[in-house]
Amino acid sequence: TALVTDARAAGPVGTQQGVGAPGEFAIAGLPPVEMELRVGLPPGSPYLFTVHSPGATTAGVLIDGSRDTTGTIVGLRRGAEIRGTVRDSSGAPVPGASVKVIGCHFSCPLWATTDETGAYRILGVRPGSRLGLLAWRGEEFLRQWFPNRDNPSQASDIALGAGDVMESVDFSLTRAGFVTIRVLAADSGEPLPGMIVMLTSAGGPPSRYVVRNQPGAAVRQRLGPVMPGRYTLRVI
């Protein structure tokens with residue numbers, strides 16, 4: 001698809017007409033003014049939205065509606081591609097998981113959903129040297145940063161150039177744990193409102209989970225998702 005707009009006016013002008021050959025387009029009814037031609041890409045396109053023109057000061061192609069514009073070429077740069085598989089700790093595929101690219105300016109967030117085999121494919125990633133990848137599925141699995149890191153500060157930067165294809169970017173998700181909590185008075189057994197429950201890891205990477213017992217809450221509250229491990233529980 002193509003959109004032509006007057007550089008000094010809002011909204012599209014002209015009417016697009018289909019042309020038989022792949023990649024060709026025709027737009028009729030252009031006013032005799034200087035305009036900017038931009039290309040809109042469908043979801044999942046392997047190309048980038050900006051026109052590939054070194055030193056260009058605009059994201060589109062400048063054309064003059066008062067002249068013959070036949071043969072105008074819009075050059076699009078192919079983005080990078082990331083492929084991989086998401087599995088759980090047992091090696092079973094995780095369908096329906098989300099994988100998101102972080103750090104790609106202008107076009108973020110780019111994301112994909114895994115199929116029944118746990119595979120995913122992300123197209124049209126803008127080149128960058130400090131890209132990150134995050135995978136998760138609801139609260140059932142803990143969020144994980146590539147390569148298999150539970151903490152974003154431990155994630156590795158990914159560098160991709162135009163047209164690069166990065167394969168085997170795989171994840172092994174860990175099932176989350178949950179702690180059910182109900183704070184009661186020792187003497188009366190009545191629920192204690194406004195108490196803060198802290199769950200702190202007793203070993204391994206430091207982590208802390210906090211929940212406040214809501215006033216008037218007589219039901220149990222769930223704390224999580226929590227990483228597997230040993231913890232100390234405090235109520236203040």
# chains A, B, ... in the order shown; residues from 1 in each chain; ligands from 1
$ closest_atom_pairs --of "stretch 114-190 of chain A" --to "stretch 35-46 of chain A" --cutoff "10 Å" --atoms "only C-alpha atoms" --output "tab-separated table"
residue	atom	partner	partner_atom	distance
A:Arg121	CA	A:Gly44	CA	9.4
A:Ile122	CA	A:Gly44	CA	7.6
A:Leu123	CA	A:Pro46	CA	4.9
A:Gly124	CA	A:Pro46	CA	4.2
A:Val125	CA	A:Pro46	CA	7.8
A:Arg126	CA	A:Pro46	CA	9.9
A:Gly163	CA	A:Pro46	CA	8.7
$ write_last_selection --atoms "N, CA, C and O atoms" --output "PDB file, in the first residue's frame"
ATOM      1  N   ARG A 121       8.987 -16.677  15.248  1.00  0.00           N
ATOM      2  CA  ARG A 121       9.761 -15.977  14.210  1.00  0.00           C
ATOM      3  C   ARG A 121       9.377 -14.509  14.252  1.00  0.00           C
ATOM      4  O   ARG A 121       8.194 -14.175  14.175  1.00  0.00           O
ATOM      5  N   ILE A 122      10.365 -13.628  14.398  1.00  0.00           N
ATOM      6  CA  ILE A 122      10.132 -12.186  14.438  1.00  0.00           C
ATOM      7  C   ILE A 122      10.817 -11.557  13.236  1.00  0.00           C
ATOM      8  O   ILE A 122      12.030 -11.691  13.062  1.00  0.00           O
ATOM      9  N   LEU A 123      10.036 -10.865  12.410  1.00  0.00           N
ATOM     10  CA  LEU A 123      10.545 -10.244  11.189  1.00  0.00           C
ATOM     11  C   LEU A 123      10.617  -8.727  11.345  1.00  0.00           C
ATOM     12  O   LEU A 123       9.969  -8.145  12.213  1.00  0.00           O
ATOM     13  N   GLY A 124      11.394  -8.090  10.469  1.00  0.00           N
ATOM     14  CA  GLY A 124      11.427  -6.634  10.414  1.00  0.00           C
ATOM     15  C   GLY A 124      12.044  -5.971  11.622  1.00  0.00           C
ATOM     16  O   GLY A 124      11.623  -4.886  12.023  1.00  0.00           O
ATOM     17  N   VAL A 125      13.074  -6.599  12.214  1.00  0.00           N
ATOM     18  CA  VAL A 125      13.744  -6.015  13.382  1.00  0.00           C
ATOM     19  C   VAL A 125      14.733  -4.957  12.900  1.00  0.00           C
ATOM     20  O   VAL A 125      15.571  -5.217  12.039  1.00  0.00           O
ATOM     21  N   ARG A 126      14.613  -3.763  13.451  1.00  0.00           N
ATOM     22  CA  ARG A 126      15.516  -2.695  13.065  1.00  0.00           C
ATOM     23  C   ARG A 126      16.929  -2.980  13.586  1.00  0.00           C
ATOM     24  O   ARG A 126      17.100  -3.411  14.724  1.00  0.00           O
ATOM     25  N   GLY A 163      19.052  -7.215   7.347  1.00  0.00           N
ATOM     26  CA  GLY A 163      19.012  -8.479   6.634  1.00  0.00           C
ATOM     27  C   GLY A 163      19.587  -9.666   7.376  1.00  0.00           C
ATOM     28  O   GLY A 163      19.538 -10.790   6.870  1.00  0.00           O
TER      29      GLY A 163
END
$ residues_around --residues "A:Val33" --least-positions-apart "5" --cutoff "7 Å" --atoms "only C-alpha atoms" --output "VMD selection string"
chain A and resid 64 to 66
$ write_last_selection --atoms "N, CA, C and O atoms" --output "PDB file, in the first residue's frame"
ATOM      1  N   ASP A  64       7.089  15.588  -7.029  1.00  0.00           N
ATOM      2  CA  ASP A  64       6.439  16.831  -7.466  1.00  0.00           C
ATOM      3  C   ASP A  64       5.232  16.458  -8.311  1.00  0.00           C
ATOM      4  O   ASP A  64       5.376  15.888  -9.396  1.00  0.00           O
ATOM      5  N   GLY A  65       4.048  16.755  -7.793  1.00  0.00           N
ATOM      6  CA  GLY A  65       2.827  16.395  -8.490  1.00  0.00           C
ATOM      7  C   GLY A  65       2.622  17.116  -9.801  1.00  0.00           C
ATOM      8  O   GLY A  65       1.761  16.726 -10.600  1.00  0.00           O
ATOM      9  N   SER A  66       3.374  18.175 -10.075  1.00  0.00           N
ATOM     10  CA  SER A  66       3.234  18.905 -11.330  1.00  0.00           C
ATOM     11  C   SER A  66       4.069  18.285 -12.446  1.00  0.00           C
ATOM     12  O   SER A  66       3.998  18.735 -13.600  1.00  0.00           O
TER      13      SER A  66
END
$ closest_residue --among "A:Val183, A:Val99, A:Asn151, A:Glu24" --to "A:Ile236" --atoms "only C-alpha atoms"
A:Val183
$ closest_residue --among "A:Val61, A:Val235, A:Leu223, A:Val86" --to "A:Met198" --atoms "only C-alpha atoms"
A:Val235
$ closest_residue --among "A:Thr174, A:Pro32, A:Arg143, A:Asp150" --to "A:Thr69" --atoms "only C-alpha atoms"
A:Pro32
$ closest_residue --among "A:Cys104, A:Leu192, A:Ala185, A:Leu173" --to "A:Ser89" --atoms "only C-alpha atoms"
A:Leu173
$ atom_distance --atom1 "atom CA of A:Ala119" --atom2 "atom CA of A:Asp170"
8.8 Å
$ select_by_dssp --residues "stretch 19-210 of chain A" --states "strand (DSSP E or B)" --output "PyMOL selection string"
chain A and resi 25-28+34-39+47-51+61-64+76-78+80-88+93+98-102+110-113+119-125+128-136+141+144-145+149+158-160+165-166+171-173+175+177-181+184+191+196-201+208-210
$ atom_distance --atom1 "atom CA of A:Gln154" --atom2 "atom CA of A:Gly96"
25.1 Å
$ residues_around --residues "A:Arg175" --least-positions-apart "6" --cutoff "9 Å" --atoms "only C-alpha atoms" --output "PyMOL selection string"
chain A and resi 88-89+139-142+225+227-228
$ write_last_selection --atoms "N, CA and C atoms" --output "PDB file, in the first residue's frame"
ATOM      1  N   ASP A  88       9.805 -25.664  28.123  1.00  0.00           N
ATOM      2  CA  ASP A  88       9.856 -25.588  29.577  1.00  0.00           C
ATOM      3  C   ASP A  88      11.097 -26.344  30.050  1.00  0.00           C
ATOM      4  N   SER A  89      11.286 -26.416  31.366  1.00  0.00           N
ATOM      5  CA  SER A  89      12.505 -27.015  31.914  1.00  0.00           C
ATOM      6  C   SER A  89      12.608 -28.507  31.629  1.00  0.00           C
ATOM      7  N   GLU A 139       1.123 -16.034  33.890  1.00  0.00           N
ATOM      8  CA  GLU A 139       1.784 -16.189  35.188  1.00  0.00           C
ATOM      9  C   GLU A 139       2.239 -17.618  35.414  1.00  0.00           C
ATOM     10  N   GLU A 140       1.972 -18.488  34.454  1.00  0.00           N
ATOM     11  CA  GLU A 140       2.316 -19.895  34.621  1.00  0.00           C
ATOM     12  C   GLU A 140       3.830 -20.118  34.603  1.00  0.00           C
ATOM     13  N   PHE A 141       4.531 -19.312  33.788  1.00  0.00           N
ATOM     14  CA  PHE A 141       5.980 -19.415  33.692  1.00  0.00           C
ATOM     15  C   PHE A 141       6.611 -18.079  34.072  1.00  0.00           C
ATOM     16  N   LEU A 142       7.815 -18.147  34.627  1.00  0.00           N
ATOM     17  CA  LEU A 142       8.549 -16.934  34.966  1.00  0.00           C
ATOM     18  C   LEU A 142       9.073 -16.272  33.695  1.00  0.00           C
ATOM     19  N   PRO A 225       4.023 -14.444  40.812  1.00  0.00           N
ATOM     20  CA  PRO A 225       4.819 -15.664  40.673  1.00  0.00           C
ATOM     21  C   PRO A 225       6.188 -15.567  41.331  1.00  0.00           C
ATOM     22  N   MET A 227      10.093 -17.442  42.038  1.00  0.00           N
ATOM     23  CA  MET A 227      11.101 -18.371  41.535  1.00  0.00           C
ATOM     24  C   MET A 227      11.237 -19.545  42.486  1.00  0.00           C
ATOM     25  N   PRO A 228      11.457 -20.755  41.992  1.00  0.00           N
ATOM     26  CA  PRO A 228      11.699 -21.904  42.878  1.00  0.00           C
ATOM     27  C   PRO A 228      12.931 -21.661  43.749  1.00  0.00           C
TER      28      PRO A 228
END
